[in-house]
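Encoded as structure tokens, the structure appears first; notes follow it.
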Amino acid sequence: MTTETVEYIRYRIPEDRSAEFLSAYTHASAKLAAAPQCVDYELARCEEDFEHYVLRITWTSTEDHLEGFRKSELFPDFLADIRPYIENIEEMRHYKPTAVRGRGAAVPTLFAWAGGAEAFSRLTTVFYEKVLADDLLAPVFEGLAPEHAEHVALWLTEVFGGPPAYSESQGAHGHMVAKHMGRGITEPQRRRWVNLIQDAADEAGLPTDAEFRSAFLAYVEWGTRLAVHFSGPDAKPPAEQPVPVWSWGAAPPYRG
């Protein structure tokens, strides 16, 4: 369970003070941005009643907010900026996130954007043809099981937001990690893997837009570096974890 806490501060600001209120919080937000206890923040204005505002601040924990930020050198200046509006606060409380959370369909998953299960099946088919013909990687995959490409396709399908077929048929993250234990994967082999899967993505017809490819490559870099780590001589199996689910990251899908 995360220790993060969400603070909500609800304001009622007269219309004739709204401009100065927004200006004050624009200035005060610099202190929030500089606070190591602050994860993120957002000030929203009610559409139905312009006098109502809600400030949402995610803190690393309630204690970090009350004992860390409020006792830091940043707080006096923050308080000075917002002091004129304290009397306008209608609620100021901390909330702990629950397990009820998720994403809507407004932003497609990377899985859907890529073209679904068929796209990842094409990808792994093309990719492992390249791997087995590659002098540097072929020794790593010697004796490759015929169903290996299909299993990796299921893994990528789940990682990029598709159905949890890998978890249901193979296992969770630890199952995938276990396949790399003791293999002694080198950095040159990792880099070749990264290059070949990008070539395979081109040949398999995966989307070439910058936003998708940057997210795709981000996972490939993360996953292959973990593979190198867990293939080392001193690596220990990780605690059981679910299959990671990758999202768009810094750049959401571009829609012209």
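Letters A, B, ... mark the chains of the structure tokens in the order given; residue numbers begin at 1 per chain; ligand numbers begin at 1, in order shown.
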
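The neighbours of range 173-189 of chain A here are the residues that come within 7 Å of it, using only C-alpha atoms and leaving out any residue fewer than 4 positions away in the same chain; they are Leu136, Leu137, Trp193, Ala227, Val228, Phe230, Ser231, Gly232, Pro233, Pro238, Glu240, Gln241, Pro242 and Val243 of chain A.
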
For Thr60 in chain A, work out the shell of residues within 9 Å, counting only C-alpha atoms and skipping chain neighbours fewer than 4 positions away, then give it as a list of chain:residue names.
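Counting only the stated atoms, we get A:Thr2, A:Thr3, A:Glu4, A:Thr5, A:Val6, A:Pro36, A:Gln37, A:Cys38, A:Val39, A:Asp64, A:His65.
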
Shell of 12 Å around range 107-122 of chain A, only C-alpha atoms, local chain residues under 6 positions omitted, as a PyMOL selection string:
chain A and resi 128-129+147-165+197+200-209+211-217+219+245-249+251-255

For those residues, write N, CA and C atoms to a file as a CSV table (one decimal), in the first residue's frame.
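The new file out.csv reads:
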```csv
chain,number,residue,atom,x,y,z
A,128,TYR,N,12.3,-13.0,-33.6
A,128,TYR,CA,13.1,-14.2,-33.2
A,128,TYR,C,13.7,-14.8,-34.5
A,129,GLU,N,13.1,-14.5,-35.6
A,129,GLU,CA,13.8,-14.9,-36.9
A,129,GLU,C,15.2,-14.2,-37.0
A,147,GLU,N,7.4,-22.4,-28.9
A,147,GLU,CA,6.4,-21.5,-28.4
A,147,GLU,C,6.9,-20.3,-27.7
A,148,HIS,N,8.2,-20.1,-27.7
A,148,HIS,CA,8.8,-18.9,-27.0
A,148,HIS,C,8.4,-17.6,-27.6
A,149,ALA,N,8.4,-17.5,-28.9
A,149,ALA,CA,7.9,-16.2,-29.5
A,149,ALA,C,6.5,-15.9,-29.2
A,150,GLU,N,5.6,-16.9,-29.1
A,150,GLU,CA,4.2,-16.7,-28.7
A,150,GLU,C,4.1,-16.2,-27.3
A,151,HIS,N,4.9,-16.8,-26.4
A,151,HIS,CA,4.9,-16.4,-25.0
A,151,HIS,C,5.4,-15.0,-24.8
A,152,VAL,N,6.4,-14.6,-25.6
A,152,VAL,CA,6.9,-13.2,-25.5
A,152,VAL,C,5.8,-12.3,-26.0
A,153,ALA,N,5.1,-12.7,-27.0
A,153,ALA,CA,4.0,-11.9,-27.6
A,153,ALA,C,2.9,-11.7,-26.5
A,154,LEU,N,2.6,-12.7,-25.8
A,154,LEU,CA,1.6,-12.6,-24.7
A,154,LEU,C,2.1,-11.6,-23.6
A,155,TRP,N,3.4,-11.7,-23.3
A,155,TRP,CA,4.1,-10.9,-22.3
A,155,TRP,C,3.9,-9.4,-22.7
A,156,LEU,N,4.4,-9.1,-24.0
A,156,LEU,CA,4.3,-7.7,-24.5
A,156,LEU,C,2.9,-7.2,-24.5
A,157,THR,N,2.0,-8.1,-24.9
A,157,THR,CA,0.5,-7.7,-24.9
A,157,THR,C,0.1,-7.2,-23.6
A,158,GLU,N,0.4,-7.9,-22.5
A,158,GLU,CA,0.0,-7.6,-21.2
A,158,GLU,C,0.8,-6.3,-20.7
A,159,VAL,N,2.1,-6.3,-21.0
A,159,VAL,CA,2.9,-5.1,-20.6
A,159,VAL,C,2.3,-3.8,-21.2
A,160,PHE,N,1.9,-3.9,-22.4
A,160,PHE,CA,1.4,-2.6,-23.1
A,160,PHE,C,-0.1,-2.4,-22.9
A,161,GLY,N,-0.7,-3.1,-21.9
A,161,GLY,CA,-2.1,-2.7,-21.6
A,161,GLY,C,-3.1,-3.6,-22.1
A,162,GLY,N,-2.7,-4.8,-22.7
A,162,GLY,CA,-3.7,-5.7,-23.3
A,162,GLY,C,-4.2,-6.7,-22.2
A,163,PRO,N,-4.9,-7.8,-22.7
A,163,PRO,CA,-5.4,-8.8,-21.7
A,163,PRO,C,-4.3,-9.5,-21.0
A,164,PRO,N,-4.6,-9.9,-19.7
A,164,PRO,CA,-3.5,-10.5,-18.9
A,164,PRO,C,-3.3,-12.0,-19.2
A,165,ALA,N,-3.1,-12.3,-20.5
A,165,ALA,CA,-3.0,-13.7,-20.9
A,165,ALA,C,-1.7,-14.3,-20.4
A,197,ILE,N,14.9,-5.5,-32.1
A,197,ILE,CA,13.5,-5.5,-31.8
A,197,ILE,C,12.9,-4.2,-32.5
A,200,ALA,N,12.6,-5.1,-36.0
A,200,ALA,CA,11.4,-6.0,-36.2
A,200,ALA,C,10.1,-5.2,-36.1
A,201,ALA,N,10.1,-4.2,-35.2
A,201,ALA,CA,8.9,-3.3,-35.1
A,201,ALA,C,8.6,-2.6,-36.4
A,202,ASP,N,9.7,-2.2,-37.1
A,202,ASP,CA,9.5,-1.6,-38.4
A,202,ASP,C,8.9,-2.6,-39.4
A,203,GLU,N,9.5,-3.8,-39.5
A,203,GLU,CA,9.1,-4.8,-40.4
A,203,GLU,C,7.7,-5.3,-40.1
A,204,ALA,N,7.4,-5.4,-38.9
A,204,ALA,CA,6.0,-5.9,-38.5
A,204,ALA,C,4.9,-4.9,-38.6
A,205,GLY,N,5.3,-3.7,-39.0
A,205,GLY,CA,4.3,-2.6,-39.2
A,205,GLY,C,3.7,-2.0,-37.9
A,206,LEU,N,4.5,-2.0,-36.9
A,206,LEU,CA,4.0,-1.3,-35.7
A,206,LEU,C,4.1,0.2,-35.9
A,207,PRO,N,3.2,1.0,-35.2
A,207,PRO,CA,3.2,2.4,-35.5
A,207,PRO,C,4.6,3.1,-35.4
A,208,THR,N,4.8,4.1,-36.2
A,208,THR,CA,6.1,4.7,-36.2
A,208,THR,C,6.1,6.1,-35.7
A,209,ASP,N,4.9,6.5,-35.1
A,209,ASP,CA,4.8,7.9,-34.5
A,209,ASP,C,5.8,8.0,-33.4
A,211,GLU,N,5.5,9.3,-30.4
A,211,GLU,CA,5.0,9.1,-29.1
A,211,GLU,C,5.0,7.6,-28.8
A,212,PHE,N,4.5,6.8,-29.7
A,212,PHE,CA,4.4,5.4,-29.5
A,212,PHE,C,5.9,4.8,-29.4
A,213,ARG,N,6.7,5.1,-30.3
A,213,ARG,CA,8.0,4.5,-30.4
A,213,ARG,C,8.9,4.9,-29.1
A,214,SER,N,8.7,6.1,-28.6
A,214,SER,CA,9.4,6.5,-27.4
A,214,SER,C,9.0,5.7,-26.2
A,215,ALA,N,7.7,5.4,-26.1
A,215,ALA,CA,7.2,4.6,-25.0
A,215,ALA,C,7.6,3.2,-25.2
A,216,PHE,N,7.6,2.7,-26.4
A,216,PHE,CA,8.0,1.3,-26.8
A,216,PHE,C,9.5,1.1,-26.4
A,217,LEU,N,10.3,2.0,-26.8
A,217,LEU,CA,11.7,1.9,-26.6
A,217,LEU,C,12.0,2.1,-25.1
A,219,TYR,N,10.2,1.0,-22.6
A,219,TYR,CA,10.1,-0.3,-22.0
A,219,TYR,C,11.2,-1.3,-22.4
A,245,VAL,N,2.8,-2.8,-16.2
A,245,VAL,CA,2.0,-2.3,-17.3
A,245,VAL,C,2.5,-0.9,-17.7
A,246,TRP,N,2.9,-0.8,-18.9
A,246,TRP,CA,3.6,0.4,-19.4
A,246,TRP,C,2.5,1.3,-20.0
A,247,SER,N,2.8,2.6,-19.9
A,247,SER,CA,1.9,3.6,-20.5
A,247,SER,C,2.7,4.6,-21.3
A,248,TRP,N,2.0,5.7,-21.7
A,248,TRP,CA,2.6,6.6,-22.7
A,248,TRP,C,3.7,7.4,-22.1
A,249,GLY,N,3.8,7.6,-20.8
A,249,GLY,CA,4.9,8.3,-20.3
A,249,GLY,C,4.8,9.8,-20.5
A,251,ALA,N,4.9,11.6,-23.3
A,251,ALA,CA,4.1,12.1,-24.4
A,251,ALA,C,2.9,11.3,-24.7
A,252,PRO,N,1.7,11.8,-24.5
A,252,PRO,CA,0.5,11.0,-24.9
A,252,PRO,C,0.3,10.9,-26.3
A,253,PRO,N,-0.6,10.0,-26.8
A,253,PRO,CA,-0.7,9.8,-28.2
A,253,PRO,C,-1.1,11.1,-29.0
A,254,TYR,N,-0.5,11.3,-30.1
A,254,TYR,CA,-0.7,12.6,-30.9
A,254,TYR,C,-1.9,12.3,-31.8
A,255,ARG,N,-2.9,13.3,-31.7
A,255,ARG,CA,-4.0,13.2,-32.5
A,255,ARG,C,-4.2,14.6,-33.2
```

What is the distance, in Å and to one decimal place, between CA of Asp234 in chain A and CA of Ser169 in chain A?
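CA of Ser169 in chain A lies 29.0 Å from CA of Asp234 in chain A.
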
How far is it from CA of Glu91 in chain A to CA of Tyr53 in chain A, in Å with one decimal?
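Computing it gives 10.8 Å between the two atoms.
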
Nearest to Asp81 in chain A by atom-to-atom distance, counting only C-alpha atoms, from A:Asp40, A:Glu7, A:Glu63, A:Glu20
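Under the stated criterion, the closest residue is A:Glu20.
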
Counting only C-alpha atoms, the residue of A:Ala33, A:Ala105, A:Ile82, A:Ala28 that sits nearest Tyr11 in chain A
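So, comparing all the options, the nearest one is A:Ile82.
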
Where in range 59-127 of chain A does DSSP assign alpha helix (DSSP H), given as a ChimeraX atom specification?
/A:62-63,75-82,110-114,117-127

Give me every strand (DSSP E) residue in range 22-152 of chain A, going by DSSP on the backbone, as a list in words.
Cys38, Val39, Asp40, Tyr41, Glu42, Leu43, Ala44, Arg45, His52, Tyr53, Val54, Leu55, Arg56, Ile57, Thr58, Trp59, Ile89, Glu90, Glu91, Met92, Arg93, His94 and Tyr95 of chain A

Could you save the residues just selected, with C-alpha atoms, as a compact mmCIF listing (two decimals), in the first residue's frame?
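Resulting contents of out_21.txt:
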```
# COMPACT_ATOMS: atom_id res chain seq x y z
CA CYS A 38 5.51 17.09 -2.75
CA VAL A 39 4.75 14.58 -5.53
CA ASP A 40 2.46 16.82 -7.60
CA TYR A 41 -0.20 19.50 -7.29
CA GLU A 42 -3.08 21.01 -9.23
CA LEU A 43 -5.44 23.92 -8.66
CA ALA A 44 -8.83 23.49 -10.35
CA ARG A 45 -11.70 25.98 -10.73
CA HIS A 52 -15.14 27.53 -5.95
CA TYR A 53 -11.58 26.19 -6.25
CA VAL A 54 -10.01 22.88 -5.23
CA LEU A 55 -6.27 22.56 -4.63
CA ARG A 56 -5.03 18.96 -4.81
CA ILE A 57 -1.55 18.21 -3.45
CA THR A 58 -0.07 14.71 -3.37
CA TRP A 59 2.44 14.35 -0.54
CA ILE A 89 -10.95 27.75 3.08
CA GLU A 90 -14.03 25.54 3.36
CA GLU A 91 -12.21 22.22 3.75
CA MET A 92 -8.59 21.15 4.28
CA ARG A 93 -8.06 17.41 4.79
CA HIS A 94 -5.77 14.53 3.92
CA TYR A 95 -7.13 11.55 1.97
```

Close residues, Asp199 in chain A itself excluded, 10 Å, only C-alpha atoms, min 6 positions apart in chain, as a ChimeraX atom specification:
/A:123,126-127,130,193

Selection export as a short mmCIF file (atom, residue, chain, number, x, y, z; two decimals), in the first residue's frame, atoms kept: C-alpha atoms:
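Listed below is the output, part-v5.cif:
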```cif
data_model
loop_
_atom_site.label_atom_id
_atom_site.label_comp_id
_atom_site.auth_asym_id
_atom_site.auth_seq_id
_atom_site.Cartn_x
_atom_site.Cartn_y
_atom_site.Cartn_z
CA LEU A 123 6.57 -8.49 -33.94
CA VAL A 126 9.93 -11.33 -37.08
CA PHE A 127 12.14 -10.59 -34.09
CA LYS A 130 16.38 -12.13 -36.63
CA TRP A 193 18.56 -7.11 -28.71
#
```
